[in-house]
2 protein chains.
Amino acid sequence: MTDGESRFVEEMGQMLASYGMTPMAGRMWGWLLICEPEEQTAAEIADALHASRGAISGTARLLATSGMIRRSTRRGDRREYFSAPPETLDSFLANAGRMYSQFRALSERGLEAIADRPPESKRRIEELRDVFAFVEREVPAVIDRFLRERAGAAGREAGGAGKEAGAAGRKE
Amino acid sequence: MTDGESRFVEEMGQMLASYGMTPMAGRMWGWLLICEPEEQTAAEIADALHASRGAISGTARLLATSGMIRRSTRRGDRREYFSAPPETLDSFLANAGRMYSQFRALSERGLEAIADRPPESKRRIEELRDVFAFVEREVPAVIDRFLRERAGAAGREAGGAGKEAGAAGRKE
DNA sequence: TAGAACGTTCAGCATTGACTGAAACTTCTG
DNA sequence: CAGAAGTTTCAGTCAATGCTGAACGTTCTA
């Protein structure tokens with residue numbers, strides 16, 4: 001792993017850590033986004049990240065459960081191969097979007113807790129609920145729109161080498 | 001503070017903590033969203049949350065810096081009053097939206113780190129950059145639209161019960 | 001100018017939780 | 001079946017950090 005790659009992997013670790021995941025989850029995801037070949041075994045990942053097998057195992061489960069990586073196997077090979085193909089991005093974004101619904105739900109509960117207050121007193125938390133309800137609805141629509149536009153106009157942007165992979169009709 | 005209020009405050013603590021802030025920041029913000037009167041002194045907050053003065057002081061600075069609460073003073077009163085009026089929501093959302101630009105910037109750097117790779121190898125991280133660049137542009141627009149629709153459609157003095165969240169249009 | 005009220009700072013404590021490394025478990029090969 | 005290769009589990013360690021509480025600094029009142 002080059003210096004630049006290592007820096008990227010480490011920064012991804014810090015970034016995901018700052019959003020509630022573990023540093024190792026960020027490092028592993030970051031590595032799977034840039035590694036070559038695309039699919040890597042647990043041993044290869046542990047080696048690249050200088051991490052223990054145990055850490056890789058637990059982290060792999062975490063990432064796979066939330067859809068951020070994919071695990072696959074090959075006939076006659078007991079090893080598991082991990083990868084972060086573009087499709088997993090959808091899961092990652094959906095995960096990020098979940099934040100909005102969590103806040104919306106929480107503010108609903110807060111509003112119930114002060115249901116007997118005069119209207120003026122409920123203004124703050126009602127605003128919170130309304131804005132999150134709005135964003136909760138609209139952000140997924142924005143992401144959908146991106147995926148659809150991208151699927152339609154393939155290679156509109158720079159460096160458009162291998163971008164024929166449509167976003168909408170993901171293949172296996 | 002009633003049981004329901006206490007539960008809300010505590011859950012907000014956990015939620016903001018899971019997104020990188022401290023539990024105390026979440027508790028304080030949650031409390032300022034539902035407390036009565038709207039403006040509270042540091043002493044009142046410390047009392048309500050059973051927290052030390054030191055914790056309130058540090059947390060208040062954190063929240064005020066990121067725009068999530070407002071500090072105000074009154075003539076002839078040395079105390080500071082804290083509040084979380086609806087306007088502060090904008091800062092909170094803008095803060096949340098920063099996540100997208102951080103990821104976009106990080107993936108730019110990752111892409112630079114593997115600039116010499118064959119195009120096929122860069123596909124994953126290019127997709128990451130593209131989708132975040134798109135969301136980074138579009139999400140603020142969505143929020144703006146909400147704020148504008150609300151400002152236009154909702155009479156602020158028409159009573160707190162106005163839960164009309166705007167949001168009518170675009171989704172079919 | 002005292003004295004009081006309020007806010008801030010900081011060392012120390014306690015908790016949390018991420019990671020390690022070894023042992024147990026499972027699956028493939030000879 | 002026996003051994004090897006790979007994965008998971010888990011107790012223990014260690015670093016990170018949120019909070020407390022007391023000391024200090026600052027501003028207003030009598």
# chains A, B, ... in the order shown; residues from 1 in each chain; ligands from 1
$ calpha_fit_rmsd --fixed "chain A" --moving "chain B"
5.3 Å
$ closest_atom_pairs --of "chain D" --to "chain A" --cutoff "8 Å" --atoms "only C-alpha atoms (C1' of nucleotides)" --output "Markdown table"
| residue | atom | partner | partner_atom | distance |
| --- | --- | --- | --- | --- |
| D:DG6 | C1' | A:Arg79 | CA | 6.3 |
| D:DT7 | C1' | A:Ser57 | CA | 7.5 |
| D:DT8 | C1' | A:Ser57 | CA | 7.1 |
$ write_last_selection --atoms "C-alpha atoms (C1' of nucleotides)" --output "short mmCIF file (atom, residue, chain, number, x, y, z; two decimals), in the first residue's frame"
data_model
loop_
_atom_site.label_atom_id
_atom_site.label_comp_id
_atom_site.auth_asym_id
_atom_site.auth_seq_id
_atom_site.Cartn_x
_atom_site.Cartn_y
_atom_site.Cartn_z
"C1'" DG D 6 -9.79 -20.58 7.46
"C1'" DT D 7 -13.10 -18.26 10.47
"C1'" DT D 8 -15.37 -16.96 14.69
#
$ residues_around --residues "C:DC10" --least-positions-apart "6" --cutoff "12 Å" --atoms "only C-alpha atoms (C1' of nucleotides)" --output "PDB file with N, CA and C atoms (P, O5', C5', C4', C3', O3' and C1' of nucleotides), in the first residue's frame"
ATOM      1  N   GLY B  54     -19.303  22.890  35.081  1.00  0.00           N
ATOM      2  CA  GLY B  54     -18.242  22.772  34.096  1.00  0.00           C
ATOM      3  C   GLY B  54     -18.722  22.123  32.819  1.00  0.00           C
ATOM      4  N   GLY B  58     -18.741  23.973  29.025  1.00  0.00           N
ATOM      5  CA  GLY B  58     -18.083  23.457  27.839  1.00  0.00           C
ATOM      6  C   GLY B  58     -19.064  23.082  26.745  1.00  0.00           C
TER       7      GLY B  58
ATOM      8  P    DT D  20     -21.442  15.671  35.387  1.00  0.00           P
ATOM      9  O5'  DT D  20     -20.350  15.683  36.532  1.00  0.00           O
ATOM     10  C5'  DT D  20     -19.995  14.456  37.168  1.00  0.00           C
ATOM     11  C4'  DT D  20     -18.868  14.674  38.158  1.00  0.00           C
ATOM     12  C3'  DT D  20     -19.095  15.821  39.146  1.00  0.00           C
ATOM     13  O3'  DT D  20     -18.829  15.350  40.461  1.00  0.00           O
ATOM     14  C1'  DT D  20     -17.009  16.091  38.033  1.00  0.00           C
ATOM     15  P    DG D  21     -19.528  16.089  41.713  1.00  0.00           P
ATOM     16  O5'  DG D  21     -18.349  17.016  42.267  1.00  0.00           O
ATOM     17  C5'  DG D  21     -17.052  16.448  42.438  1.00  0.00           C
ATOM     18  C4'  DG D  21     -16.020  17.551  42.594  1.00  0.00           C
ATOM     19  C3'  DG D  21     -16.504  18.785  43.374  1.00  0.00           C
ATOM     20  O3'  DG D  21     -15.460  19.194  44.242  1.00  0.00           O
ATOM     21  C1'  DG D  21     -15.648  19.447  41.283  1.00  0.00           C
ATOM     22  P    DA D  22     -15.807  20.143  45.503  1.00  0.00           P
ATOM     23  O5'  DA D  22     -14.412  20.863  45.722  1.00  0.00           O
ATOM     24  C5'  DA D  22     -13.208  20.199  45.309  1.00  0.00           C
ATOM     25  C4'  DA D  22     -12.272  21.162  44.603  1.00  0.00           C
ATOM     26  C3'  DA D  22     -12.206  22.556  45.253  1.00  0.00           C
ATOM     27  O3'  DA D  22     -10.847  22.978  45.283  1.00  0.00           O
ATOM     28  C1'  DA D  22     -12.715  22.757  42.967  1.00  0.00           C
ATOM     29  P    DA D  23     -10.386  24.136  46.306  1.00  0.00           P
ATOM     30  O5'  DA D  23      -9.513  25.084  45.366  1.00  0.00           O
ATOM     31  C5'  DA D  23      -8.578  24.500  44.467  1.00  0.00           C
ATOM     32  C4'  DA D  23      -8.345  25.432  43.292  1.00  0.00           C
ATOM     33  C3'  DA D  23      -8.133  26.910  43.675  1.00  0.00           C
ATOM     34  O3'  DA D  23      -7.015  27.425  42.980  1.00  0.00           O
ATOM     35  C1'  DA D  23      -9.856  26.721  42.068  1.00  0.00           C
ATOM     36  P    DC D  24      -6.463  28.877  43.334  1.00  0.00           P
ATOM     37  O5'  DC D  24      -6.902  29.720  42.047  1.00  0.00           O
ATOM     38  C5'  DC D  24      -6.588  29.226  40.741  1.00  0.00           C
ATOM     39  C4'  DC D  24      -7.344  30.028  39.698  1.00  0.00           C
ATOM     40  C3'  DC D  24      -7.275  31.551  39.908  1.00  0.00           C
ATOM     41  O3'  DC D  24      -6.661  32.155  38.785  1.00  0.00           O
ATOM     42  C1'  DC D  24      -9.495  30.821  39.453  1.00  0.00           C
TER      43       DC D  24
END
$ interface_residues --of "chain C" --to "chain B" --cutoff "9 Å" --atoms "only C-alpha atoms (C1' of nucleotides)" --output "ChimeraX atom specification"
/C:5-9
$ atom_distance --atom1 "atom CA of A:Leu147" --atom2 "atom CA of A:Ala60"
26.5 Å
$ residues_around --residues "B:Ala17" --least-positions-apart "3" --cutoff "10 Å" --atoms "only C-alpha atoms (C1' of nucleotides)" --output "list in words"
Ser18, Tyr19 and Gly20 of chain A; Glu11, Met12, Gly13, Gln14, Gly20, Met21, Thr22, Pro23, Met24, Ala25, Gly26 and Arg27 of chain B
$ closest_residue --among "B:Ala113, B:Ala151, B:Ala133, B:Met1" --to "chain A" --atoms "only C-alpha atoms"
B:Ala113
$ interface_residues --of "chain B" --to "chain A" --cutoff "6 Å" --atoms "only C-alpha atoms" --output "ChimeraX atom specification"
/B:4-5,8,18-20,33,86,110,113,119-120,124-125,160,165
$ write_last_selection --atoms "C-alpha atoms" --output "mmCIF file, in the first residue's frame"
data_model
loop_
_atom_site.group_PDB
_atom_site.id
_atom_site.type_symbol
_atom_site.label_atom_id
_atom_site.label_comp_id
_atom_site.auth_asym_id
_atom_site.auth_seq_id
_atom_site.Cartn_x
_atom_site.Cartn_y
_atom_site.Cartn_z
ATOM 1 C CA GLY B 4 -41.516 11.576 29.333
ATOM 2 C CA GLU B 5 -39.430 14.716 29.100
ATOM 3 C CA PHE B 8 -36.694 12.440 25.466
ATOM 4 C CA SER B 18 -23.901 8.273 18.258
ATOM 5 C CA TYR B 19 -23.201 10.959 15.676
ATOM 6 C CA GLY B 20 -20.018 12.220 17.207
ATOM 7 C CA LEU B 33 -36.099 22.229 22.678
ATOM 8 C CA PRO B 86 -36.386 27.375 15.380
ATOM 9 C CA GLY B 110 -8.598 8.724 -2.493
ATOM 10 C CA ALA B 113 -3.972 8.333 -4.441
ATOM 11 C CA PRO B 119 -9.755 3.024 -15.204
ATOM 12 C CA GLU B 120 -11.517 -0.148 -14.211
ATOM 13 C CA ARG B 124 -15.597 2.193 -7.200
ATOM 14 C CA ILE B 125 -14.230 5.377 -5.798
ATOM 15 C CA GLY B 160 -48.620 26.011 16.791
ATOM 16 C CA ALA B 165 -45.279 20.386 6.314
#
$ residues_around --residues "D:DC10" --least-positions-apart "6" --cutoff "12 Å" --atoms "only C-alpha atoms (C1' of nucleotides)" --output "list in words"
Gly54 and Gly58 of chain A; DT20, DG21, DA22, DA23 and DA24 of chain C
$ atom_distance --atom1 "atom C1' of C:DC13" --atom2 "atom C1' of D:DG18"
10.7 Å
$ select_by_dssp --residues "stretch 49-106 of chain B" --states "helix (DSSP H, G or I)" --output "PyMOL selection string"
chain B and resi 49+53-65+88-106
$ write_last_selection --atoms "C-alpha atoms" --output "CSV table (one decimal), in the first residue's frame"
chain,number,residue,atom,x,y,z
B,49,LEU,CA,-29.9,17.8,33.8
B,53,ARG,CA,-21.4,23.7,35.9
B,54,GLY,CA,-18.2,22.8,34.1
B,55,ALA,CA,-20.0,20.4,31.8
B,56,ILE,CA,-22.7,23.0,30.9
B,57,SER,CA,-20.1,25.6,30.3
B,58,GLY,CA,-18.1,23.5,27.8
B,59,THR,CA,-21.1,22.0,26.2
B,60,ALA,CA,-22.7,25.4,25.7
B,61,ARG,CA,-19.7,26.6,23.9
B,62,LEU,CA,-19.7,23.6,21.7
B,63,LEU,CA,-23.4,24.0,20.8
B,64,ALA,CA,-23.2,27.7,20.3
B,65,THR,CA,-20.1,27.4,18.1
B,88,THR,CA,-31.0,27.2,15.0
B,89,LEU,CA,-32.4,24.3,13.1
B,90,ASP,CA,-30.9,25.6,9.9
B,91,SER,CA,-27.5,25.4,11.5
B,92,PHE,CA,-28.1,21.9,12.6
B,93,LEU,CA,-29.2,20.8,9.2
B,94,ALA,CA,-26.3,22.5,7.5
B,95,ASN,CA,-24.1,20.7,9.9
B,96,ALA,CA,-25.6,17.4,9.0
B,97,GLY,CA,-25.2,18.3,5.3
B,98,ARG,CA,-21.5,18.9,5.8
B,99,MET,CA,-21.2,15.1,6.0
B,100,TYR,CA,-21.7,14.9,2.3
B,101,SER,CA,-19.0,17.4,1.4
B,102,GLN,CA,-16.6,15.7,3.7
B,103,PHE,CA,-17.1,12.4,2.0
B,104,ARG,CA,-16.9,14.0,-1.4
B,105,ALA,CA,-13.6,15.6,-0.5
B,106,LEU,CA,-12.2,12.4,1.0
$ atom_distance --atom1 "atom CA of A:Ser72" --atom2 "atom CA of A:Thr41"
9.7 Å
$ select_by_dssp --residues "stretch 55-107 of chain A" --states "strand (DSSP E or B)" --output "number ranges by chain"
A: 70-74, 77-83
$ write_last_selection --atoms "C-alpha atoms" --output "PDB file, in the first residue's frame"
ATOM      1  CA  ARG A  70     -20.379  -7.926   0.012  1.00  0.00           C
ATOM      2  CA  ARG A  71     -19.059 -11.327   0.972  1.00  0.00           C
ATOM      3  CA  SER A  72     -18.752 -13.984  -1.677  1.00  0.00           C
ATOM      4  CA  THR A  73     -17.364 -17.478  -1.927  1.00  0.00           C
ATOM      5  CA  ARG A  74     -15.925 -19.599  -4.685  1.00  0.00           C
ATOM      6  CA  ASP A  77     -12.266 -22.467  -1.916  1.00  0.00           C
ATOM      7  CA  ARG A  78     -13.109 -22.186   1.693  1.00  0.00           C
ATOM      8  CA  ARG A  79     -12.011 -18.606   1.930  1.00  0.00           C
ATOM      9  CA  GLU A  80     -14.442 -15.734   1.830  1.00  0.00           C
ATOM     10  CA  TYR A  81     -13.879 -12.798  -0.468  1.00  0.00           C
ATOM     11  CA  PHE A  82     -14.905  -9.287   0.501  1.00  0.00           C
ATOM     12  CA  SER A  83     -15.550  -6.415  -1.837  1.00  0.00           C
TER      13      SER A  83
END
$ closest_residue --among "B:Gly76, B:Glu136, B:Glu149, B:Trp29" --to "D:DT27" --atoms "only C-alpha atoms (C1' of nucleotides)"
B:Gly76
